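*Asks:* Contents of my_file.txt (compact mmCIF, C-alpha atoms and all ligand atoms):
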# COMPACT_ATOMS: atom_id res chain seq x y z
CA MET A 76 45.87 94.33 98.20
CA ARG A 77 46.51 93.35 94.59
CA LYS A 78 43.31 92.54 92.69
CA VAL A 79 43.00 89.55 90.37
CA LYS A 80 40.44 89.74 87.60
CA ILE A 81 37.88 86.99 87.16
CA PHE A 82 37.24 85.92 83.58
CA ASP A 83 34.13 83.77 83.62
CA THR A 84 33.82 81.18 80.87
CA THR A 85 30.67 79.37 82.07
CA LEU A 86 28.94 80.36 78.81
CA ARG A 87 31.79 79.08 76.62
CA ASP A 88 33.99 76.38 78.20
CA GLY A 89 31.16 75.65 80.67
CA GLU A 90 28.80 75.08 77.79
CA GLN A 91 31.27 72.50 76.45
CA THR A 92 30.18 70.27 79.36
CA PRO A 93 28.78 67.15 77.71
CA GLY A 94 25.00 67.41 77.40
CA VAL A 95 24.78 71.17 77.98
CA ASN A 96 23.18 73.38 75.35
CA LEU A 97 21.93 76.77 76.51
CA SER A 98 19.29 78.80 74.69
CA ILE A 99 19.71 82.54 74.10
CA GLU A 100 17.38 83.33 77.03
CA GLU A 101 19.26 80.95 79.31
CA LYS A 102 22.61 82.48 78.36
CA LEU A 103 21.23 85.93 78.99
CA THR A 104 19.90 84.94 82.43
CA ILE A 105 23.28 83.46 83.37
CA ALA A 106 25.12 86.53 82.04
CA LYS A 107 22.95 88.81 84.22
CA ASN A 108 23.71 86.58 87.19
CA LEU A 109 27.44 86.82 86.44
CA GLU A 110 27.17 90.60 86.27
CA GLU A 111 25.57 90.57 89.74
CA LEU A 112 28.31 88.27 90.94
CA ASN A 113 30.66 91.02 89.75
CA VAL A 114 32.97 89.05 87.46
CA ASP A 115 35.25 91.23 85.34
CA ILE A 116 34.91 89.53 81.95
CA ILE A 117 32.18 87.26 80.59
CA GLU A 118 33.21 84.96 77.76
CA ALA A 119 29.76 84.60 76.23
CA GLY A 120 30.52 81.90 73.66
CA PHE A 121 32.36 80.84 70.53
CA ALA A 122 30.75 82.98 67.83
CA ILE A 123 31.63 80.80 64.85
CA ALA A 124 30.36 77.60 66.51
CA SER A 125 26.70 78.13 65.53
CA GLN A 126 24.17 80.79 64.57
CA ALA A 127 22.48 80.36 67.96
CA ASP A 128 25.74 80.93 69.81
CA PHE A 129 26.46 84.00 67.68
CA ASP A 130 22.99 85.41 68.46
CA ALA A 131 23.38 84.68 72.17
CA ILE A 132 26.76 86.45 72.36
CA LYS A 133 25.29 89.43 70.53
CA GLU A 134 22.41 89.61 73.00
CA VAL A 135 24.75 89.34 75.99
CA ALA A 136 27.00 92.03 74.47
CA LYS A 137 24.06 94.42 74.06
CA THR A 138 22.70 93.80 77.57
CA ILE A 139 25.68 93.59 79.91
CA LYS A 140 27.07 96.96 80.93
CA LYS A 141 29.34 96.34 83.92
CA CYS A 142 31.54 93.53 82.59
CA LYS A 143 33.66 93.12 79.49
CA VAL A 144 32.15 90.68 77.00
CA ALA A 145 34.38 88.32 75.00
CA SER A 146 33.94 85.80 72.23
CA LEU A 147 36.39 82.99 71.51
CA ALA A 148 37.90 82.74 68.01
CA ARG A 149 40.51 80.45 66.49
CA ALA A 150 43.44 82.35 65.02
CA THR A 151 41.85 82.74 61.59
CA GLU A 152 40.35 85.78 59.87
CA LYS A 153 36.96 84.08 59.48
CA ASP A 154 36.68 83.28 63.20
CA ILE A 155 37.88 86.72 64.22
CA ASP A 156 35.40 88.48 61.91
CA ARG A 157 32.58 86.45 63.40
CA ALA A 158 33.73 87.08 66.98
CA TRP A 159 33.97 90.82 66.32
CA ASP A 160 30.48 90.94 64.78
CA ALA A 161 29.13 89.22 67.87
CA VAL A 162 30.78 91.45 70.52
CA LYS A 163 31.08 94.81 68.78
CA GLU A 164 27.99 96.29 70.46
CA ALA A 165 29.31 95.56 73.93
CA LYS A 166 30.31 98.46 76.15
CA TYR A 167 33.67 96.74 76.62
CA PRO A 168 34.23 94.19 73.82
CA ARG A 169 37.10 91.70 73.74
CA ILE A 170 38.24 89.19 71.12
CA HIS A 171 39.86 86.08 72.58
CA THR A 172 41.89 84.29 69.92
CA PHE A 173 43.99 81.15 70.32
CA ILE A 174 46.19 78.58 68.65
CA ALA A 175 47.87 75.47 70.06
CA THR A 176 51.60 75.70 70.73
CA SER A 177 52.58 72.29 72.16
CA ASP A 178 54.54 69.83 70.01
CA ILE A 179 51.81 67.24 70.35
CA HIS A 180 49.06 69.59 69.12
CA MET A 181 51.19 71.13 66.36
CA LYS A 182 52.19 67.72 65.05
CA TYR A 183 48.92 65.77 65.24
CA LYS A 184 46.18 68.40 65.17
CA LEU A 185 47.48 71.46 63.33
CA LYS A 186 50.16 69.75 61.24
CA MET A 187 52.11 72.98 61.36
CA SER A 188 55.70 73.86 62.23
CA GLU A 189 56.70 76.18 65.07
CA ASP A 190 57.42 79.02 62.61
CA GLU A 191 54.01 78.60 60.95
CA VAL A 192 52.22 78.66 64.31
CA TYR A 193 54.26 81.67 65.44
CA ASN A 194 53.45 83.64 62.27
CA GLN A 195 49.76 82.80 62.39
CA ALA A 196 49.49 83.79 66.06
CA VAL A 197 51.18 87.15 65.48
CA GLU A 198 49.32 87.95 62.24
CA MET A 199 45.93 87.08 63.74
CA VAL A 200 46.51 89.13 66.89
CA LYS A 201 47.33 92.08 64.58
CA TYR A 202 44.17 91.33 62.60
CA ALA A 203 42.00 91.17 65.73
CA LYS A 204 43.61 94.37 67.00
CA SER A 205 42.66 96.12 63.74
CA LYS A 206 39.00 95.78 64.81
CA GLY A 207 39.72 98.35 67.51
CA CYS A 208 39.01 96.31 70.63
CA GLU A 209 40.98 94.53 73.36
CA VAL A 210 42.66 91.31 72.28
CA GLN A 211 43.39 88.31 74.50
CA PHE A 212 45.60 85.57 73.13
CA SER A 213 45.81 81.97 74.40
CA CYS A 214 48.50 79.39 73.70
CA GLU A 215 46.35 76.29 73.77
CA ASP A 216 48.09 73.47 75.68
CA ALA A 217 50.58 76.03 77.00
CA SER A 218 51.56 73.88 79.98
CA ARG A 219 52.89 71.16 77.62
CA THR A 220 54.58 73.66 75.30
CA ARG A 221 58.38 73.80 74.98
CA PRO A 222 59.21 76.80 77.24
CA GLU A 223 61.46 78.61 74.72
CA PHE A 224 58.74 78.42 72.08
CA LEU A 225 56.12 79.59 74.58
CA TYR A 226 58.26 82.64 75.44
CA ARG A 227 58.81 83.42 71.76
CA VAL A 228 55.08 83.27 70.91
CA LEU A 229 54.13 85.38 73.92
CA GLU A 230 56.69 88.04 73.05
CA GLY A 231 55.42 88.14 69.46
CA VAL A 232 51.72 88.42 70.30
CA ILE A 233 52.34 91.11 72.93
CA ASP A 234 54.27 93.14 70.34
CA ALA A 235 51.35 92.56 67.98
CA GLY A 236 48.93 94.11 70.51
CA ALA A 237 47.60 91.40 72.86
CA ILE A 238 46.91 92.95 76.26
CA VAL A 239 46.20 89.62 77.97
CA VAL A 240 48.17 86.43 77.36
CA ASN A 241 46.48 83.31 78.62
CA ILE A 242 48.31 80.17 79.74
CA PRO A 243 45.89 77.25 79.62
CA ASP A 244 46.55 73.94 81.31
CA THR A 245 44.31 72.56 78.59
CA VAL A 246 44.37 68.92 79.64
CA GLY A 247 44.65 69.44 83.40
CA PHE A 248 48.02 67.69 83.44
CA THR A 249 50.09 70.10 85.51
CA TYR A 250 50.55 70.08 89.28
CA PRO A 251 50.63 73.31 91.31
CA GLU A 252 54.39 73.60 91.93
CA GLU A 253 55.01 73.03 88.23
CA PHE A 254 52.38 75.55 87.15
CA TYR A 255 53.90 78.12 89.50
CA GLU A 256 57.25 77.62 87.75
CA ILE A 257 55.65 77.98 84.30
CA VAL A 258 54.14 81.36 85.18
CA LYS A 259 57.34 82.47 86.92
CA GLY A 260 59.36 81.40 83.87
CA ILE A 261 57.15 83.55 81.63
CA LYS A 262 57.63 86.57 83.88
CA GLU A 263 61.38 86.10 83.83
CA ASN A 264 61.89 85.22 80.18
CA VAL A 265 59.41 87.19 78.10
CA PRO A 266 61.09 90.61 77.73
CA ASN A 267 57.90 92.63 77.08
CA ILE A 268 55.67 90.78 79.60
CA ASP A 269 55.07 94.01 81.54
CA LYS A 270 52.98 95.26 78.61
CA ALA A 271 50.37 92.50 79.12
CA GLU A 272 48.55 90.70 81.89
CA ILE A 273 49.08 86.99 82.44
CA ALA A 274 45.89 84.93 82.60
CA VAL A 275 45.53 81.24 83.45
CA HIS A 276 42.89 78.72 82.45
CA CYS A 277 43.09 75.45 84.37
CA HIS A 278 41.28 72.21 83.64
CA ASN A 279 40.38 69.79 86.39
CA ASP A 280 41.32 66.38 84.99
CA LEU A 281 43.35 65.56 88.12
CA GLY A 282 41.20 67.64 90.47
CA LEU A 283 43.91 70.33 90.58
CA ALA A 284 42.29 73.20 88.68
CA THR A 285 41.70 75.46 91.68
CA ALA A 286 45.07 74.61 93.25
CA ASN A 287 46.82 75.38 89.95
CA ALA A 288 45.01 78.71 89.59
CA LEU A 289 46.05 79.63 93.14
CA ALA A 290 49.67 78.66 92.44
CA ALA A 291 49.57 80.89 89.35
CA ILE A 292 48.28 83.79 91.46
CA ARG A 293 51.29 83.39 93.74
CA ALA A 294 53.53 83.54 90.68
CA GLY A 295 51.89 86.78 89.54
CA ALA A 296 48.93 85.83 87.31
CA ALA A 297 46.52 88.76 87.03
CA GLN A 298 43.47 87.10 85.49
CA ILE A 299 41.92 83.75 86.42
CA GLU A 300 39.53 81.92 84.15
CA CYS A 301 36.73 80.16 86.02
CA THR A 302 33.31 78.64 85.62
CA VAL A 303 30.36 78.41 87.99
CA ASN A 304 30.24 74.99 89.68
CA GLY A 305 33.49 74.15 87.85
CA LEU A 306 31.64 73.26 84.65
CA GLY A 307 33.58 72.75 81.43
CA GLU A 308 35.11 70.36 78.94
CA ARG A 309 35.70 66.87 80.47
CA ALA A 310 36.27 67.30 84.25
CA GLY A 311 35.72 71.05 83.96
CA ASN A 312 37.59 74.19 84.98
CA THR A 313 38.55 76.11 88.11
CA ALA A 314 35.31 76.65 90.06
CA ILE A 315 34.63 80.32 90.67
CA GLU A 316 33.12 79.63 94.11
CA GLU A 317 36.20 77.70 95.25
CA LEU A 318 38.62 80.35 94.08
CA ALA A 319 36.63 83.30 95.44
CA MET A 320 36.10 81.70 98.87
CA THR A 321 39.74 80.60 99.17
CA LEU A 322 40.86 84.18 98.55
CA LYS A 323 38.31 85.42 101.09
CA VAL A 324 38.85 82.81 103.81
CA ARG A 325 42.68 82.68 103.48
CA PRO A 326 43.75 86.16 102.30
CA GLU A 327 47.11 85.74 104.05
CA GLY A 328 47.95 82.84 101.73
CA TYR A 329 47.73 84.80 98.49
CA GLY A 330 47.65 88.51 99.32
CA VAL A 331 45.14 89.25 96.57
CA GLU A 332 41.43 89.87 96.36
CA CYS A 333 38.88 89.41 93.61
CA GLY A 334 35.83 91.58 93.31
CA ILE A 335 33.34 88.70 93.57
CA ASN A 336 30.12 89.47 95.42
CA HIS A 337 30.25 86.47 97.76
CA SER A 338 26.67 86.78 98.93
CA LYS A 339 25.46 85.91 95.41
CA ILE A 340 27.51 82.73 95.03
CA TYR A 341 24.86 80.24 96.15
CA HIS A 342 22.07 81.76 94.09
CA VAL A 343 24.21 81.88 90.93
CA SER A 344 25.37 78.31 91.49
CA LYS A 345 21.78 77.05 91.82
CA THR A 346 20.66 79.04 88.77
CA VAL A 347 23.46 77.64 86.60
CA SER A 348 22.76 74.10 87.80
CA LYS A 349 19.06 74.48 86.98
CA LEU A 350 19.60 75.99 83.51
CA THR A 351 22.39 73.64 82.45
CA GLY A 352 20.72 70.57 83.94
CA VAL A 353 24.00 69.60 85.63
CA ASP A 354 23.45 68.63 89.27
CA ILE A 355 25.92 69.78 91.87
CA GLN A 356 27.58 66.82 93.58
CA PRO A 357 26.49 66.75 97.26
CA ASN A 358 30.04 67.03 98.60
CA LYS A 359 31.04 69.85 96.21
CA ALA A 360 33.12 72.45 98.04
CA VAL A 361 31.21 75.61 99.01
CA VAL A 362 27.97 75.00 97.09
CA GLY A 363 27.25 71.26 97.53
CA ASP A 364 24.28 70.17 99.67
CA ASN A 365 26.60 68.73 102.29
CA ALA A 366 29.07 71.64 102.40
CA PHE A 367 27.44 72.97 105.60
CA ALA A 368 25.77 69.78 106.89
CA HIS A 369 26.98 68.02 110.03
CA GLU A 370 26.22 64.39 110.77
CA SER A 371 28.46 63.18 113.57
CA GLY A 372 27.53 63.76 117.17
CA ILE A 373 30.88 65.31 117.99
CA HIS A 374 30.58 67.77 115.10
CA GLN A 375 26.95 68.56 115.86
CA HIS A 376 27.78 69.26 119.49
CA GLY A 377 30.63 71.53 118.35
CA VAL A 378 28.62 73.63 115.88
CA LEU A 379 25.76 74.00 118.34
CA GLU A 380 28.19 75.50 120.84
CA ASN A 381 30.05 77.58 118.25
CA SER A 382 29.87 77.09 114.48
CA SER A 383 33.55 77.97 114.01
CA THR A 384 34.49 74.60 115.55
CA TYR A 385 33.68 72.86 112.27
CA GLU A 386 32.87 75.64 109.78
CA ILE A 387 35.58 77.79 108.19
CA MET A 388 33.03 80.10 106.57
CA THR A 389 29.40 80.76 107.30
CA PRO A 390 26.66 79.58 104.92
CA GLU A 391 25.21 83.10 105.13
CA SER A 392 28.45 84.52 103.65
CA ILE A 393 27.63 82.86 100.31
CA GLY A 394 23.92 83.57 100.54
CA ARG A 395 22.80 80.18 101.91
CA ALA A 396 20.40 79.47 104.75
CA LYS A 397 22.03 78.39 108.00
CA ASN A 398 23.88 75.07 108.40
CA LYS A 399 21.90 71.88 108.76
CA LEU A 400 22.33 69.08 111.23
CA VAL A 401 21.69 65.75 109.59
CA PHE A 402 20.47 63.02 111.91
CA GLY A 403 21.99 59.61 111.30
CA LYS A 404 23.91 56.90 113.11
CA HIS A 405 26.77 59.24 114.08
CA SER A 406 24.54 61.83 115.71
CA GLY A 407 24.88 62.44 119.43
CA LYS A 408 22.47 63.09 122.28
CA HIS A 409 23.31 66.77 122.56
CA ALA A 410 22.05 67.63 119.07
CA PHE A 411 19.18 65.17 119.43
CA LYS A 412 17.97 66.94 122.57
CA ASP A 413 18.20 70.34 120.82
CA LYS A 414 16.19 68.94 117.93
CA LEU A 415 13.46 67.72 120.26
CA ILE A 416 13.21 71.18 121.80
CA GLU A 417 13.11 72.77 118.31
CA LEU A 418 10.24 70.41 117.45
CA GLY A 419 8.41 71.44 120.61
CA TYR A 420 9.16 68.47 122.91
CA GLU A 421 10.40 69.46 126.37
CA LEU A 422 11.00 66.05 127.96
CA SER A 423 12.67 64.72 131.08
CA GLU A 424 16.22 63.36 130.83
CA GLU A 425 14.86 59.88 131.46
CA LYS A 426 12.40 60.13 128.56
CA ILE A 427 15.06 61.57 126.28
CA ASP A 428 17.36 58.64 127.12
CA ASP A 429 14.61 56.23 126.19
CA ILE A 430 13.79 57.94 122.86
CA PHE A 431 17.46 58.34 122.03
CA LYS A 432 17.94 54.55 122.33
CA LYS A 433 15.03 54.01 119.91
CA PHE A 434 16.46 56.66 117.59
CA LYS A 435 19.80 54.79 117.50
CA LYS A 436 17.99 51.56 116.62
CA LEU A 437 16.19 53.36 113.82
CA THR A 438 19.52 54.56 112.36
CA ASP A 439 20.47 50.90 111.79
CA ILE A 440 17.66 50.57 109.29
CA LYS A 441 17.33 54.14 107.96
CA LYS A 442 20.24 56.25 106.62
CA GLU A 443 18.85 59.72 107.24
CA ILE A 444 16.40 60.39 110.03
CA LEU A 445 13.88 63.09 109.20
CA ASP A 446 12.09 65.47 111.55
CA GLU A 447 8.91 63.39 111.17
CA ASP A 448 10.76 60.29 112.37
CA ILE A 449 11.96 62.12 115.46
CA GLU A 450 8.47 63.44 116.08
CA SER A 451 6.91 60.01 115.94
CA LEU A 452 9.63 58.68 118.23
CA ALA A 453 8.87 61.51 120.64
CA LEU A 454 5.17 60.78 120.49
CA GLY A 455 5.80 57.04 120.91
CA GLY A 456 8.10 57.86 123.78
CA LEU A 457 5.39 59.89 125.48
CA ARG A 458 2.83 57.18 124.93
CA THR A 459 5.22 54.59 126.34
CA VAL A 460 5.65 56.72 129.47
CA GLU A 461 1.93 57.36 129.75
CA LYS A 462 1.06 53.63 129.84
O1 LIG B 1 41.37 74.68 77.50
C1 LIG B 1 41.77 75.51 76.65
O2 LIG B 1 42.93 75.52 76.24
C2 LIG B 1 40.81 76.48 76.18
C3 LIG B 1 41.35 77.59 75.34
C4 LIG B 1 40.57 77.79 74.12
C5 LIG B 1 41.47 78.82 76.16
O3 LIG B 1 39.64 76.41 76.50
ZN ZN B 2 39.38 75.12 78.29
Now that the file is in, can you turn its structure into structure tokens?

*Replies:*
Amino acid sequence: MRKVKIFDTTLRDGEQTPGVNLSIEEKLTIAKNLEELNVDIIEAGFAIASQADFDAIKEVAKTIKKCKVASLARATEKDIDRAWDAVKEAKYPRIHTFIATSDIHMKYKLKMSEDEVYNQAVEMVKYAKSKGCEVQFSCEDASRTRPEFLYRVLEGVIDAGAIVVNIPDTVGFTYPEEFYEIVKGIKENVPNIDKAEIAVHCHNDLGLATANALAAIRAGAAQIECTVNGLGERAGNTAIEELAMTLKVRPEGYGVECGINHSKIYHVSKTVSKLTGVDIQPNKAVVGDNAFAHESGIHQHGVLENSSTYEIMTPESIGRAKNKLVFGKHSGKHAFKDKLIELGYELSEEKIDDIFKKFKKLTDIKKEILDEDIESLALGGLRTVEK
């Protein structure tokens, strides 16, 4: 099976999540977690952004041995010098340089013409290459870039020495079928594309980041940029746990694998949430509190008989404890009876019927019924019978 590389940008784009500011120690802890998760490349930060970020990247570069370590740099000599100083002690250093290529960014942000942007991209890739390490180049806002200009820039930077060309959907505007065509168009129209790998970096403004990354894989993308828990600028990026589990659960859909160590997913997700201070939404795919919780009676009955009735992956496969049955107004008698037995109450059918009626009444006034509630119902039930 073809392997796609995972480029993790939790420590760079993920740190651009509003309110997140990681210390050097916190970045180092997350980097070690990412190494255990077995990502291929860690983008440790944006070296020119601050002294603290520079120091953190340097520390990550010195410590991490199994993954490549990258720093982001705008396409300027000053940024590239700083990025190189930060990553040069890494076992496998990479400079990731970028410039915007869409009309809207060139006109309003850069105030540069296409030729000026082209020349700067090519010259700065050559400059980064002169440091002696791998160079990745990104066309910021690639998905809104005029295709002919995108092809021209990509051809130029590959000739200049970029070994990875990244196609960001910077504002999360693209839909999967369209993104597939963009990547396919690059493969068909950039003459030297075989000399580089195509990467994609998808934002989640419309909730399509993972779907877009998967569409790009189908079109031949070789590197996917992700973050843990989907953190990142605005609505975030492709979530590493969603991508990795989709490729594992539905290999026939994509025909590729990534090297992610699935059993570490839950631990890494929790660690990142704790250190960034960003809670995981309860219904978040794969790692949310409710991702393996079952509330309705029909579902509870099903999973008690065989978990595959309502679970497409096991919680254990991502390093979580077993599924949980949540008792509420949709819960059925089957699961309720099992719960009573688990709590140590072996009761007659008649008594169970009686307690179950009381339990249903309780669900009208209480959203989630805890074990203690069921215990006191069971005790009350016994007392009622004893009278
Ligand atoms: O979203 C984006 O375009 C980026 C680039 C710098 C890769 O984060
Ligand atoms: Zn981004």

*Asks:* Name the closest residue to ligand ZN 2 (chain B) among the candidates A:Gln356, A:Ser177, A:Asn279, A:Ser338; distances are taken between atoms, counting all atoms listed in the file.

*Replies:*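 Among the listed residues, A:Asn279 lies closest to ligand ZN 2 (chain B).
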
*Asks:* Counting only C-alpha atoms and all ligand atoms, what residues are within 10 Å of ligand ZN 2 (chain B), given as a PyMOL selection string?

*Replies:* chain A and resi 84+87-89+91+215-216+243-247+276-279+300-301+307-309+311-313

*Asks:* Generate a file of the selected residues that holds C-alpha atoms, formatted as a PDB file, in the coordinates of the input.

*Replies:*
ATOM      1  CA  THR A  84      33.820  81.180  80.870  1.00  0.00           C
ATOM      2  CA  ARG A  87      31.790  79.080  76.620  1.00  0.00           C
ATOM      3  CA  ASP A  88      33.990  76.380  78.200  1.00  0.00           C
ATOM      4  CA  GLY A  89      31.160  75.650  80.670  1.00  0.00           C
ATOM      5  CA  GLN A  91      31.270  72.500  76.450  1.00  0.00           C
ATOM      6  CA  GLU A 215      46.350  76.290  73.770  1.00  0.00           C
ATOM      7  CA  ASP A 216      48.090  73.470  75.680  1.00  0.00           C
ATOM      8  CA  PRO A 243      45.890  77.250  79.620  1.00  0.00           C
ATOM      9  CA  ASP A 244      46.550  73.940  81.310  1.00  0.00           C
ATOM     10  CA  THR A 245      44.310  72.560  78.590  1.00  0.00           C
ATOM     11  CA  VAL A 246      44.370  68.920  79.640  1.00  0.00           C
ATOM     12  CA  GLY A 247      44.650  69.440  83.400  1.00  0.00           C
ATOM     13  CA  HIS A 276      42.890  78.720  82.450  1.00  0.00           C
ATOM     14  CA  CYS A 277      43.090  75.450  84.370  1.00  0.00           C
ATOM     15  CA  HIS A 278      41.280  72.210  83.640  1.00  0.00           C
ATOM     16  CA  ASN A 279      40.380  69.790  86.390  1.00  0.00           C
ATOM     17  CA  GLU A 300      39.530  81.920  84.150  1.00  0.00           C
ATOM     18  CA  CYS A 301      36.730  80.160  86.020  1.00  0.00           C
ATOM     19  CA  GLY A 307      33.580  72.750  81.430  1.00  0.00           C
ATOM     20  CA  GLU A 308      35.110  70.360  78.940  1.00  0.00           C
ATOM     21  CA  ARG A 309      35.700  66.870  80.470  1.00  0.00           C
ATOM     22  CA  GLY A 311      35.720  71.050  83.960  1.00  0.00           C
ATOM     23  CA  ASN A 312      37.590  74.190  84.980  1.00  0.00           C
ATOM     24  CA  THR A 313      38.550  76.110  88.110  1.00  0.00           C
TER      25      THR A 313
END

*Asks:* Which residue out of A:Ile444, A:Ala127, A:Ile238, A:Leu322 has the minimum interatomic distance to A:Lys204 when only C-alpha atoms are used?

*Replies:* A:Ile238

*Asks:* Mind pulling up the distance from atom CA of A:Glu316 to atom CA of A:Gly334?

*Replies:*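 One can read the atom CA of A:Gly334 to atom CA of A:Glu316 distance as 12.3 Å.
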
*Asks:* My list of candidates is A:Ile174, A:Leu109, A:Leu350, A:Ala410. Which is closest to ligand LIG 1 (chain B) when distances are computed with all atoms listed in the file?

*Replies:* A:Ile174

*Asks:* Have a look at A:Asn304, A:Thr92, A:Ser344, A:Ser213 and name the one nearest to ligand LIG 1 (chain B); count only C-alpha atoms and all ligand atoms.

*Replies:* A:Ser213

*Asks:* Considering all atoms listed in the file, can you say which of A:Thr85, A:Asn113, A:Asn398, A:Ser371 comes closest to ligand LIG 1 (chain B)?

*Replies:*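 When distances to ligand LIG 1 (chain B) are compared using all atoms listed in the file, the smallest one comes from A:Thr85.
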
*Asks:* Excluding stretch 139-154 of chain A and residues on its chain fewer than 5 positions from it, collect all residues at most 6 Å away from it, counting all atoms listed in the file, and give them as a ChimeraX atom specification.

*Replies:* /A:115-121,123,166-174,199

*Asks:* Taking all listed atoms of stretch 354-360 of chain A, build the axis-aligned box, pad each of the six sides by 4 Å, then write its centre and edge lengths in Å to one decimal as AutoDock Vina command-line options.

*Replies:*
--center_x 28.3 --center_y 69.6 --center_z 93.9 --size_x 17.7 --size_y 13.7 --size_z 17.3

*Asks:* Here's a test: counting only C-alpha atoms, identify every protein, DNA and RNA residue with an atom at most 8 Å from (49.0, 92.7, 78.3) in the file's coordinate frame, and state them as a compact mmCIF listing (two decimals) with C-alpha atoms, in the coordinates of the input.

*Replies:*
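What follows is the written file out-v5.txt:
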# COMPACT_ATOMS: atom_id res chain seq x y z
CA ILE A 233 52.34 91.11 72.93
CA GLY A 236 48.93 94.11 70.51
CA ALA A 237 47.60 91.40 72.86
CA ILE A 238 46.91 92.95 76.26
CA VAL A 239 46.20 89.62 77.97
CA VAL A 240 48.17 86.43 77.36
CA ILE A 268 55.67 90.78 79.60
CA ASP A 269 55.07 94.01 81.54
CA LYS A 270 52.98 95.26 78.61
CA ALA A 271 50.37 92.50 79.12
CA GLU A 272 48.55 90.70 81.89
CA ILE A 273 49.08 86.99 82.44
